[in-house]
file upload.cif (mmCIF, C-alpha atoms, pLDDT in the B column; chains and numbers go by the auth columns)
data_input
#
loop_
_atom_site.group_PDB
_atom_site.id
_atom_site.type_symbol
_atom_site.label_atom_id
_atom_site.label_comp_id
_atom_site.label_asym_id
_atom_site.label_seq_id
_atom_site.Cartn_x
_atom_site.Cartn_y
_atom_site.Cartn_z
_atom_site.B_iso_or_equiv
_atom_site.auth_seq_id
_atom_site.auth_asym_id
ATOM 1 C CA MET A 1 9.416 51.288 11.923 57.00 1 C
ATOM 2 C CA GLY A 2 9.134 52.088 8.215 70.00 2 C
ATOM 3 C CA LEU A 3 5.918 52.393 6.236 68.00 3 C
ATOM 4 C CA ILE A 4 6.583 49.081 4.496 69.00 4 C
ATOM 5 C CA ASP A 5 6.904 47.259 7.820 67.00 5 C
ATOM 6 C CA LYS A 6 3.742 48.907 9.146 66.00 6 C
ATOM 7 C CA GLY A 7 1.878 47.960 5.977 67.00 7 C
ATOM 8 C CA TYR A 8 3.079 44.378 6.230 65.00 8 C
ATOM 9 C CA ARG A 9 1.881 44.116 9.839 71.00 9 C
ATOM 10 C CA VAL A 10 -1.579 45.458 8.914 67.00 10 C
ATOM 11 C CA ILE A 11 -1.859 43.026 5.997 71.00 11 C
ATOM 12 C CA HIS A 12 -0.693 40.150 8.202 65.00 12 C
ATOM 13 C CA LYS A 13 -3.331 40.925 10.863 66.00 13 C
ATOM 14 C CA LEU A 14 -6.087 41.120 8.260 65.00 14 C
ATOM 15 C CA ALA A 15 -4.947 37.907 6.605 61.00 15 C
ATOM 16 C CA TYR A 16 -4.813 36.098 9.943 57.00 16 C
ATOM 17 C CA LYS A 17 -8.336 37.211 10.879 64.00 17 C
ATOM 18 C CA SER A 18 -9.536 36.013 7.464 63.00 18 C
ATOM 19 C CA TYR A 19 -7.769 32.688 8.033 57.00 19 C
ATOM 20 C CA GLU A 20 -9.433 32.258 11.436 59.00 20 C
ATOM 21 C CA SER A 21 -12.864 33.025 9.981 64.00 21 C
ATOM 22 C CA LEU A 22 -12.338 30.641 7.069 64.00 22 C
ATOM 23 C CA ASP A 23 -11.142 27.874 9.395 66.00 23 C
ATOM 24 C CA LEU A 24 -14.241 28.253 11.564 66.00 24 C
ATOM 25 C CA PHE A 25 -16.465 28.221 8.486 67.00 25 C
ATOM 26 C CA VAL A 26 -14.839 25.131 6.963 67.00 26 C
ATOM 27 C CA ASN A 27 -14.961 23.146 10.221 69.00 27 C
ATOM 28 C CA ALA A 28 -18.387 24.336 11.415 71.00 28 C
ATOM 29 C CA ARG A 29 -20.183 21.207 10.197 74.00 29 C
ATOM 30 C CA TRP A 30 -17.982 18.982 12.386 73.00 30 C
ATOM 31 C CA TYR A 31 -19.150 20.842 15.493 77.00 31 C
ATOM 32 C CA ALA A 32 -22.820 20.487 14.513 80.00 32 C
ATOM 33 C CA ASP A 33 -23.678 16.880 15.409 85.00 33 C
ATOM 34 C CA PRO A 34 -22.100 15.054 12.433 89.00 34 C
ATOM 35 C CA PHE A 35 -23.528 11.726 13.700 90.00 35 C
ATOM 36 C CA GLY A 36 -27.018 13.125 14.307 92.00 36 C
ATOM 37 C CA THR A 37 -28.830 14.295 17.416 92.00 37 C
ATOM 38 C CA LYS A 38 -30.726 11.130 18.372 94.00 38 C
ATOM 39 C CA ILE A 39 -29.430 8.029 20.142 96.00 39 C
ATOM 40 C CA HIS A 40 -29.047 5.286 17.534 95.00 40 C
ATOM 41 C CA ALA A 41 -29.647 2.153 19.647 96.00 41 C
ATOM 42 C CA SER A 42 -30.571 1.036 23.157 97.00 42 C
ATOM 43 C CA ILE A 43 -27.937 0.025 25.703 97.00 43 C
ATOM 44 C CA GLU A 44 -29.064 -3.570 25.280 97.00 44 C
ATOM 45 C CA GLU A 45 -28.624 -3.355 21.499 97.00 45 C
ATOM 46 C CA TYR A 46 -25.090 -2.015 21.849 97.00 46 C
ATOM 47 C CA TYR A 47 -24.187 -4.853 24.223 97.00 47 C
ATOM 48 C CA GLN A 48 -25.702 -7.376 21.812 97.00 48 C
ATOM 49 C CA LEU A 49 -23.731 -5.884 18.917 97.00 49 C
ATOM 50 C CA ALA A 50 -20.598 -6.117 21.049 97.00 50 C
ATOM 51 C CA GLU A 51 -21.191 -9.800 21.766 96.00 51 C
ATOM 52 C CA GLU A 52 -21.685 -10.492 18.062 95.00 52 C
ATOM 53 C CA ALA A 53 -18.534 -8.560 17.137 96.00 53 C
ATOM 54 C CA LYS A 54 -16.471 -10.577 19.635 93.00 54 C
ATOM 55 C CA LYS A 55 -17.312 -13.707 17.628 90.00 55 C
ATOM 56 C CA ASN A 56 -16.076 -12.117 14.403 88.00 56 C
ATOM 57 C CA SER A 57 -12.636 -13.698 14.483 87.00 57 C
ATOM 58 C CA SER A 58 -10.184 -14.798 11.810 92.00 58 C
ATOM 59 C CA SER A 59 -7.813 -17.740 11.698 95.00 59 C
ATOM 60 C CA ALA A 60 -5.468 -15.641 9.562 96.00 60 C
ATOM 61 C CA VAL A 61 -5.224 -13.019 12.302 97.00 61 C
ATOM 62 C CA VAL A 62 -4.623 -15.682 14.972 97.00 62 C
ATOM 63 C CA ASP A 63 -1.921 -17.258 12.795 97.00 63 C
ATOM 64 C CA TYR A 64 -0.337 -13.831 12.315 97.00 64 C
ATOM 65 C CA GLU A 65 -0.321 -13.191 16.066 98.00 65 C
ATOM 66 C CA ASN A 66 1.226 -16.620 16.710 98.00 66 C
ATOM 67 C CA GLU A 67 3.860 -16.026 14.036 98.00 67 C
ATOM 68 C CA LYS A 68 4.897 -12.674 15.514 98.00 68 C
ATOM 69 C CA GLY A 69 4.533 -13.789 19.123 98.00 69 C
ATOM 70 C CA PHE A 70 2.335 -10.889 20.271 98.00 70 C
ATOM 71 C CA THR A 71 -1.381 -10.847 21.065 98.00 71 C
ATOM 72 C CA ILE A 72 -3.213 -7.935 22.604 98.00 72 C
ATOM 73 C CA ASP A 73 -5.132 -8.515 25.846 98.00 73 C
ATOM 74 C CA LEU A 74 -8.518 -9.433 24.357 97.00 74 C
ATOM 75 C CA GLU A 75 -10.511 -8.487 27.460 97.00 75 C
ATOM 76 C CA TRP A 76 -8.866 -5.051 27.377 98.00 76 C
ATOM 77 C CA LEU A 77 -9.533 -4.782 23.638 98.00 77 C
ATOM 78 C CA ASP A 78 -13.196 -5.761 23.947 98.00 78 C
ATOM 79 C CA GLU A 79 -13.791 -3.085 26.590 98.00 79 C
ATOM 80 C CA LEU A 80 -12.143 -0.423 24.427 98.00 80 C
ATOM 81 C CA ALA A 81 -14.148 -1.583 21.401 98.00 81 C
ATOM 82 C CA LEU A 82 -17.439 -1.424 23.308 98.00 82 C
ATOM 83 C CA HIS A 83 -16.995 2.329 23.635 98.00 83 C
ATOM 84 C CA THR A 84 -15.254 3.126 20.359 98.00 84 C
ATOM 85 C CA GLN A 85 -16.103 0.482 17.719 98.00 85 C
ATOM 86 C CA ILE A 86 -19.557 -0.825 18.532 98.00 86 C
ATOM 87 C CA VAL A 87 -21.968 1.267 16.474 97.00 87 C
ATOM 88 C CA LYS A 88 -25.351 0.762 14.860 95.00 88 C
ATOM 89 C CA LYS A 89 -24.940 0.271 11.106 92.00 89 C
ATOM 90 C CA SER A 90 -26.145 -2.028 8.350 89.00 90 C
ATOM 91 C CA SER A 91 -22.911 -4.024 7.905 88.00 91 C
ATOM 92 C CA SER A 92 -21.407 -6.435 10.418 89.00 92 C
ATOM 93 C CA LEU A 93 -18.925 -5.109 12.963 94.00 93 C
ATOM 94 C CA SER A 94 -15.289 -6.099 13.220 94.00 94 C
ATOM 95 C CA TYR A 95 -12.385 -4.614 15.108 96.00 95 C
ATOM 96 C CA LEU A 96 -9.753 -7.143 14.095 96.00 96 C
ATOM 97 C CA HIS A 97 -7.647 -4.283 12.764 97.00 97 C
ATOM 98 C CA GLY A 98 -6.900 -3.370 16.382 97.00 98 C
ATOM 99 C CA ARG A 99 -5.254 -6.745 16.874 98.00 99 C
ATOM 100 C CA ILE A 100 -3.306 -6.475 13.613 98.00 100 C
ATOM 101 C CA ILE A 101 -2.059 -2.966 14.401 98.00 101 C
ATOM 102 C CA TYR A 102 -1.009 -3.941 17.932 98.00 102 C
ATOM 103 C CA THR A 103 0.820 -7.110 16.854 98.00 103 C
ATOM 104 C CA THR A 104 2.560 -5.372 13.949 98.00 104 C
ATOM 105 C CA LEU A 105 3.704 -2.465 16.094 98.00 105 C
ATOM 106 C CA MET A 106 4.882 -4.761 18.904 98.00 106 C
ATOM 107 C CA ASP A 107 6.929 -6.785 16.404 98.00 107 C
ATOM 108 C CA TYR A 108 8.406 -3.606 14.914 98.00 108 C
ATOM 109 C CA LEU A 109 9.341 -2.246 18.348 97.00 109 C
ATOM 110 C CA LYS A 110 10.928 -5.539 19.372 96.00 110 C
ATOM 111 C CA ASN A 111 13.144 -5.655 16.293 93.00 111 C
ATOM 112 C CA ARG A 112 14.006 -1.960 15.974 92.00 112 C
ATOM 113 C CA ARG A 113 13.974 -0.641 19.570 89.00 113 C
ATOM 114 C CA PRO A 114 14.118 3.074 18.634 91.00 114 C
ATOM 115 C CA PRO A 115 14.848 5.341 21.629 90.00 115 C
ATOM 116 C CA ARG A 116 11.680 7.291 20.878 93.00 116 C
ATOM 117 C CA VAL A 117 8.895 6.395 18.425 97.00 117 C
ATOM 118 C CA ASN A 118 7.022 8.787 16.138 97.00 118 C
ATOM 119 C CA ILE A 119 3.663 7.485 14.904 98.00 119 C
ATOM 120 C CA ILE A 120 1.194 9.174 12.567 97.00 120 C
ATOM 121 C CA GLU A 121 -2.467 8.261 12.273 97.00 121 C
ATOM 122 C CA THR A 122 -5.156 9.745 10.034 97.00 122 C
ATOM 123 C CA GLY A 123 -8.840 9.120 10.693 96.00 123 C
ATOM 124 C CA THR A 124 -8.970 9.119 14.506 97.00 124 C
ATOM 125 C CA ALA A 125 -12.761 8.532 14.669 96.00 125 C
ATOM 126 C CA ARG A 126 -13.526 7.601 18.305 97.00 126 C
ATOM 127 C CA GLY A 127 -9.865 6.854 19.085 98.00 127 C
ATOM 128 C CA PHE A 128 -9.808 3.041 18.989 98.00 128 C
ATOM 129 C CA SER A 129 -6.688 2.459 16.893 98.00 129 C
ATOM 130 C CA ALA A 130 -4.721 5.279 18.524 98.00 130 C
ATOM 131 C CA VAL A 131 -5.283 3.760 21.959 98.00 131 C
ATOM 132 C CA CYS A 132 -4.329 0.295 20.633 98.00 132 C
ATOM 133 C CA MET A 133 -1.019 1.735 19.426 98.00 133 C
ATOM 134 C CA ALA A 134 -0.507 3.468 22.766 98.00 134 C
ATOM 135 C CA LYS A 135 -1.043 0.110 24.452 98.00 135 C
ATOM 136 C CA ALA A 136 1.736 -1.374 22.305 98.00 136 C
ATOM 137 C CA LEU A 137 4.120 1.418 23.291 98.00 137 C
ATOM 138 C CA GLU A 138 3.323 0.903 26.964 98.00 138 C
ATOM 139 C CA ASP A 139 3.672 -2.885 26.733 98.00 139 C
ATOM 140 C CA SER A 140 7.045 -2.403 24.996 97.00 140 C
ATOM 141 C CA ASN A 141 8.136 0.023 27.738 95.00 141 C
ATOM 142 C CA LEU A 142 9.087 2.619 25.136 95.00 142 C
ATOM 143 C CA GLU A 143 8.439 6.324 24.844 95.00 143 C
ATOM 144 C CA GLY A 144 6.911 7.934 21.783 97.00 144 C
ATOM 145 C CA LEU A 145 4.223 10.150 20.351 98.00 145 C
ATOM 146 C CA ILE A 146 1.136 9.182 18.364 98.00 146 C
ATOM 147 C CA THR A 147 -0.113 12.218 16.446 97.00 147 C
ATOM 148 C CA THR A 148 -3.612 11.435 15.211 97.00 148 C
ATOM 149 C CA PHE A 149 -5.572 13.591 12.762 96.00 149 C
ATOM 150 C CA ASP A 150 -9.307 13.910 12.262 96.00 150 C
ATOM 151 C CA ILE A 151 -11.707 16.601 11.144 94.00 151 C
ATOM 152 C CA ILE A 152 -13.908 15.881 14.176 94.00 152 C
ATOM 153 C CA PRO A 153 -12.955 17.980 17.236 94.00 153 C
ATOM 154 C CA HIS A 154 -11.659 16.249 20.360 96.00 154 C
ATOM 155 C CA HIS A 155 -13.405 18.289 23.040 96.00 155 C
ATOM 156 C CA GLN A 156 -16.791 18.968 21.399 94.00 156 C
ATOM 157 C CA SER A 157 -19.711 17.170 23.052 96.00 157 C
ATOM 158 C CA MET A 158 -21.919 15.309 20.577 96.00 158 C
ATOM 159 C CA ILE A 159 -23.785 12.094 19.877 97.00 159 C
ATOM 160 C CA TRP A 160 -21.316 9.489 18.535 97.00 160 C
ATOM 161 C CA ASN A 161 -23.530 6.480 17.740 97.00 161 C
ATOM 162 C CA CYS A 162 -22.026 4.487 20.604 97.00 162 C
ATOM 163 C CA ILE A 163 -23.080 3.167 23.997 98.00 163 C
ATOM 164 C CA ASP A 164 -21.763 6.269 25.789 97.00 164 C
ATOM 165 C CA ASP A 165 -24.498 8.375 24.181 97.00 165 C
ATOM 166 C CA HIS A 166 -26.861 7.114 26.866 97.00 166 C
ATOM 167 C CA GLY A 167 -25.128 9.363 29.384 93.00 167 C
ATOM 168 C CA GLY A 168 -25.795 12.381 27.174 96.00 168 C
ATOM 169 C CA PRO A 169 -23.610 14.049 24.514 97.00 169 C
ATOM 170 C CA LYS A 170 -19.913 13.615 25.203 97.00 170 C
ATOM 171 C CA SER A 171 -16.626 14.614 23.646 97.00 171 C
ATOM 172 C CA ARG A 172 -14.127 12.078 22.353 98.00 172 C
ATOM 173 C CA SER A 173 -11.989 13.071 25.302 98.00 173 C
ATOM 174 C CA GLN A 174 -14.763 12.053 27.708 98.00 174 C
ATOM 175 C CA ILE A 175 -15.449 8.753 25.920 98.00 175 C
ATOM 176 C CA LEU A 176 -11.757 7.851 26.240 98.00 176 C
ATOM 177 C CA SER A 177 -11.372 9.020 29.845 98.00 177 C
ATOM 178 C CA HIS A 178 -10.946 5.427 31.112 97.00 178 C
ATOM 179 C CA TRP A 179 -7.702 5.256 29.085 98.00 179 C
ATOM 180 C CA GLN A 180 -6.480 8.714 30.081 98.00 180 C
ATOM 181 C CA GLY A 181 -3.164 7.434 31.395 97.00 181 C
ATOM 182 C CA LEU A 182 -2.219 6.065 27.967 98.00 182 C
ATOM 183 C CA ILE A 183 -3.509 9.196 26.255 98.00 183 C
ATOM 184 C CA ASP A 184 -1.573 11.591 28.473 97.00 184 C
ATOM 185 C CA ARG A 185 1.613 9.609 27.919 97.00 185 C
ATOM 186 C CA TYR A 186 1.412 8.924 24.205 98.00 186 C
ATOM 187 C CA ILE A 187 -1.351 10.578 22.156 98.00 187 C
ATOM 188 C CA LEU A 188 -1.762 14.036 20.613 97.00 188 C
ATOM 189 C CA PHE A 189 -5.151 14.680 18.984 97.00 189 C
ATOM 190 C CA HIS A 190 -5.015 17.121 16.082 95.00 190 C
ATOM 191 C CA GLN A 191 -8.075 18.478 14.284 93.00 191 C
ATOM 192 C CA GLY A 192 -7.986 19.255 10.593 90.00 192 C
ATOM 193 C CA TYR A 193 -7.854 17.866 7.076 89.00 193 C
ATOM 194 C CA SER A 194 -4.798 15.680 6.563 88.00 194 C
ATOM 195 C CA LYS A 195 -3.996 17.308 3.198 87.00 195 C
ATOM 196 C CA VAL A 196 -3.602 20.620 5.006 89.00 196 C
ATOM 197 C CA GLU A 197 -2.245 19.532 8.364 90.00 197 C
ATOM 198 C CA LEU A 198 0.155 16.669 7.578 89.00 198 C
ATOM 199 C CA PRO A 199 2.626 18.910 5.711 89.00 199 C
ATOM 200 C CA LYS A 200 2.966 20.927 8.915 88.00 200 C
ATOM 201 C CA VAL A 201 4.266 17.945 10.897 84.00 201 C
ATOM 202 C CA GLN A 202 7.957 18.577 11.463 86.00 202 C
ATOM 203 C CA PHE A 203 9.171 15.092 12.373 89.00 203 C
ATOM 204 C CA ASP A 204 12.355 14.047 10.627 93.00 204 C
ATOM 205 C CA ARG A 205 11.298 10.426 11.081 95.00 205 C
ATOM 206 C CA VAL A 206 7.945 8.635 11.081 97.00 206 C
ATOM 207 C CA HIS A 207 8.589 5.106 12.305 97.00 207 C
ATOM 208 C CA PHE A 208 5.047 3.797 11.964 98.00 208 C
ATOM 209 C CA ALA A 209 1.799 5.049 10.453 98.00 209 C
ATOM 210 C CA PHE A 210 -1.823 3.933 10.348 98.00 210 C
ATOM 211 C CA LEU A 211 -3.551 5.789 7.520 96.00 211 C
ATOM 212 C CA ASP A 212 -7.324 5.518 7.687 94.00 212 C
ATOM 213 C CA GLY A 213 -8.501 8.930 6.530 92.00 213 C
ATOM 214 C CA ALA A 214 -10.287 9.659 3.251 91.00 214 C
ATOM 215 C CA HIS A 215 -10.177 6.639 0.938 94.00 215 C
ATOM 216 C CA GLY A 216 -10.031 8.221 -2.523 94.00 216 C
ATOM 217 C CA TYR A 217 -6.949 7.658 -4.681 96.00 217 C
ATOM 218 C CA GLN A 218 -5.726 11.256 -4.473 96.00 218 C
ATOM 219 C CA ASP A 219 -6.278 11.408 -0.704 95.00 219 C
ATOM 220 C CA VAL A 220 -4.347 8.201 -0.061 96.00 220 C
ATOM 221 C CA MET A 221 -1.461 9.284 -2.289 96.00 221 C
ATOM 222 C CA SER A 222 -1.374 12.748 -0.709 95.00 222 C
ATOM 223 C CA GLU A 223 -0.981 11.267 2.786 95.00 223 C
ATOM 224 C CA PHE A 224 1.656 8.826 1.581 96.00 224 C
ATOM 225 C CA TYR A 225 3.749 11.547 -0.073 95.00 225 C
ATOM 226 C CA GLN A 226 3.808 13.475 3.221 93.00 226 C
ATOM 227 C CA ILE A 227 5.246 10.467 5.072 94.00 227 C
ATOM 228 C CA LYS A 228 7.383 8.422 2.671 94.00 228 C
ATOM 229 C CA ASP A 229 10.513 10.605 2.822 94.00 229 C
ATOM 230 C CA LYS A 230 10.408 10.515 6.620 95.00 230 C
ATOM 231 C CA GLN A 231 10.641 6.721 6.701 96.00 231 C
ATOM 232 C CA GLN A 232 13.586 4.359 6.397 95.00 232 C
ATOM 233 C CA SER A 233 13.754 0.793 5.170 94.00 233 C
ATOM 234 C CA GLY A 234 11.806 -1.400 7.578 94.00 234 C
ATOM 235 C CA ASP A 235 9.470 1.363 8.784 97.00 235 C
ATOM 236 C CA ILE A 236 5.781 0.632 8.361 97.00 236 C
ATOM 237 C CA ILE A 237 2.548 2.087 6.986 97.00 237 C
ATOM 238 C CA ILE A 238 -0.725 0.209 7.551 97.00 238 C
ATOM 239 C CA TYR A 239 -3.846 0.876 5.487 96.00 239 C
ATOM 240 C CA ASP A 240 -7.363 -0.122 6.505 93.00 240 C
ATOM 241 C CA ASP A 241 -10.299 -1.077 4.240 93.00 241 C
ATOM 242 C CA TYR A 242 -8.319 -2.628 1.388 94.00 242 C
ATOM 243 C CA ASN A 243 -11.448 -3.641 -0.532 94.00 243 C
ATOM 244 C CA LYS A 244 -11.741 -3.400 -4.315 95.00 244 C
ATOM 245 C CA VAL A 245 -15.549 -3.209 -4.281 95.00 245 C
ATOM 246 C CA GLN A 246 -16.019 -0.553 -1.597 94.00 246 C
ATOM 247 C CA PHE A 247 -12.802 1.453 -1.988 96.00 247 C
ATOM 248 C CA PRO A 248 -11.276 0.979 -5.460 97.00 248 C
ATOM 249 C CA GLY A 249 -9.341 4.249 -5.208 97.00 249 C
ATOM 250 C CA LEU A 250 -7.613 3.145 -2.015 97.00 250 C
ATOM 251 C CA VAL A 251 -6.754 -0.250 -3.518 97.00 251 C
ATOM 252 C CA ARG A 252 -5.332 1.409 -6.628 98.00 252 C
ATOM 253 C CA ALA A 253 -3.213 3.748 -4.501 98.00 253 C
ATOM 254 C CA VAL A 254 -1.896 1.029 -2.176 97.00 254 C
ATOM 255 C CA ASP A 255 -1.047 -1.246 -5.110 98.00 255 C
ATOM 256 C CA GLU A 256 0.831 1.624 -6.732 97.00 256 C
ATOM 257 C CA ILE A 257 2.691 2.403 -3.502 96.00 257 C
ATOM 258 C CA CYS A 258 3.718 -1.227 -3.060 95.00 258 C
ATOM 259 C CA SER A 259 4.823 -1.475 -6.698 96.00 259 C
ATOM 260 C CA LYS A 260 6.816 1.752 -6.881 94.00 260 C
ATOM 261 C CA TYR A 261 8.161 2.183 -3.367 90.00 261 C
#
call {"tool": "encode", "arguments": {"input": "upload.cif", "output": "structure tokens"}}
result
Amino acid sequence: MGLIDKGYRVIHKLAYKSYESLDLFVNARWYADPFGTKIHASIEEYYQLAEEAKKNSSSAVVDYENEKGFTIDLEWLDELALHTQIVKKSSSLSYLHGRIIYTTLMDYLKNRRPPRVNIIETGTARGFSAVCMAKALEDSNLEGLITTFDIIPHHQSMIWNCIDDHGGPKSRSQILSHWQGLIDRYILFHQGYSKVELPKVQFDRVHFAFLDGAHGYQDVMSEFYQIKDKQQSGDIIIYDDYNKVQFPGLVRAVDEICSKY
């Protein structure tokens, strides 16, 4: 081995150790109770919030489901939402996006029938939408992979501001254990910032995407640019929180995407 090769190996080892240290430093805050250390609400309050959220329906969503001919099992959805969507916050709760995602994906799978489906999600949170998409794959009897990205680690125990906190700090993996069969078959949880991690995804094709990560204009466009060339006509991207008051950057980006692409 020449001196140049030896020097390169030494530099590579040092650089890799620096990279590991930097990665731990950047992600440290997401291991340190990002939702706080105290339980946010009583069990009774979480159940009450769940009952209120069940009533938050929409005729437009029902019409959409009827038009496409697919409706998710609402009892199944409500149970998943109790553990992953029912949180204590100032605004009202709604998990209608789970129904929209499921129906849209079911319709896509019916019409396209790809032999294997590649799905990208950003903004995993507690895993609600990823499991809804896995349910659609199972109900369509198709194989595929949902790669979902979030800066919050999957196996770190913490308080999540959900009903499961009453059993003590848990990881996302533990909260979703009831749906482990779907997860094992369809879902890969990936930790990291989408701007950094999405370019590393080596799929030649992304059939379907649910992008619900950071909502600034640059963030939305960055995620889109990583996916657009891996999609064909008829493939789908869904965005959440299209709201001009709360997320003007996201609205600007989505309008631009729809206009140009």
call {"tool": "atom_distance", "arguments": {"input": "upload.cif", "atom1": "CA of His155 (chain C)", "atom2": "CA of Ser171 (chain C)"}}
result
4.9 Å
call {"tool": "resolve_selection", "arguments": {"input": "upload.cif", "expression": "the PyMOL selection byres ((chain C and resi 123-132) around 6)", "output": "PDB file with C-alpha atoms, keeping the file's coordinate frame"}}
result
ATOM      1  CA  THR C  84     -15.254   3.126  20.359  1.00 98.00           C
ATOM      2  CA  GLY C  98      -6.900  -3.370  16.382  1.00 97.00           C
ATOM      3  CA  THR C 122      -5.156   9.745  10.034  1.00 97.00           C
ATOM      4  CA  MET C 133      -1.019   1.735  19.426  1.00 98.00           C
ATOM      5  CA  ALA C 134      -0.507   3.468  22.766  1.00 98.00           C
ATOM      6  CA  LYS C 135      -1.043   0.110  24.452  1.00 98.00           C
ATOM      7  CA  THR C 148      -3.612  11.435  15.211  1.00 97.00           C
ATOM      8  CA  PHE C 149      -5.572  13.591  12.762  1.00 96.00           C
ATOM      9  CA  ASP C 150      -9.307  13.910  12.262  1.00 96.00           C
ATOM     10  CA  ASP C 212      -7.324   5.518   7.687  1.00 94.00           C
ATOM     11  CA  GLY C 213      -8.501   8.930   6.530  1.00 92.00           C
TER      12      GLY C 213
END
call {"tool": "residues_around", "arguments": {"input": "upload.cif", "residues": "Gln156 (chain C)", "least_positions_apart": "2", "cutoff": "9 Å", "atoms": "all atoms listed in the file", "output": "list in words"}}
result
Tyr31, Ile152, Pro153, His154, Met158, Pro169, Lys170, Ser171, Arg172 and Ser173 of chain C
call {"tool": "atom_distance", "arguments": {"input": "upload.cif", "atom1": "CA of His97 (chain C)", "atom2": "CA of Ala53 (chain C)"}}
result
12.5 Å
call {"tool": "resolve_selection", "arguments": {"input": "upload.cif", "expression": "the PyMOL selection byres ((chain C and resi 94) around 7)", "output": "PDB file with C-alpha atoms, in the coordinates of the input"}}
result
ATOM      1  CA  ALA C  53     -18.534  -8.560  17.137  1.00 96.00           C
ATOM      2  CA  ASN C  56     -16.076 -12.117  14.403  1.00 88.00           C
ATOM      3  CA  SER C  92     -21.407  -6.435  10.418  1.00 89.00           C
ATOM      4  CA  LEU C  93     -18.925  -5.109  12.963  1.00 94.00           C
ATOM      5  CA  TYR C  95     -12.385  -4.614  15.108  1.00 96.00           C
ATOM      6  CA  LEU C  96      -9.753  -7.143  14.095  1.00 96.00           C
TER       7      LEU C  96
END
call {"tool": "resolve_selection", "arguments": {"input": "upload.cif", "expression": "the PyMOL selection byres ((chain C and resi 192) around 6)", "output": "list in words"}}
result
Asp150, Ile151, Gln191 and Tyr193 of chain C
call {"tool": "residues_around", "arguments": {"input": "upload.cif", "residues": "Ser42 (chain C)", "least_positions_apart": "3", "cutoff": "9 Å", "atoms": "all atoms listed in the file", "output": "list in words"}}
result
Ile39, Glu45, Tyr46, Tyr47, Ile163 and His166 of chain C
call {"tool": "closest_residue", "arguments": {"input": "upload.cif", "among": "C:Gly168, C:Glu138, C:Trp76, C:Pro199", "to": "Ile183 (chain C)", "atoms": "all atoms listed in the file"}}
result
C:Glu138
call {"tool": "residues_near_point", "arguments": {"input": "upload.cif", "point": "(-21.6, 12.7, 10.6)", "cutoff": "10 Å", "atoms": "all atoms listed in the file", "output": "list of chain:residue names"}}
result
C:Arg29, C:Trp30, C:Tyr31, C:Ala32, C:Asp33, C:Pro34, C:Phe35, C:Gly36, C:Ile152, C:Ile159, C:Trp160, C:Asn161
call {"tool": "residues_around", "arguments": {"input": "upload.cif", "residues": "region 244-251 of chain C", "least_positions_apart": "3", "cutoff": "8 Å", "atoms": "all atoms listed in the file", "output": "list in words"}}
result
His215, Gly216, Tyr217, Gln218, Val220, Asp241, Val254 and Asp255 of chain C
call {"tool": "closest_residue", "arguments": {"input": "upload.cif", "among": "C:Leu137, C:Ala214, C:Ile100, C:Ala50", "to": "Leu80 (chain C)", "atoms": "all atoms listed in the file"}}
result
C:Ala50
call {"tool": "atom_distance", "arguments": {"input": "upload.cif", "atom1": "CA of Ile120 (chain C)", "atom2": "CA of Tyr186 (chain C)"}}
result
11.6 Å
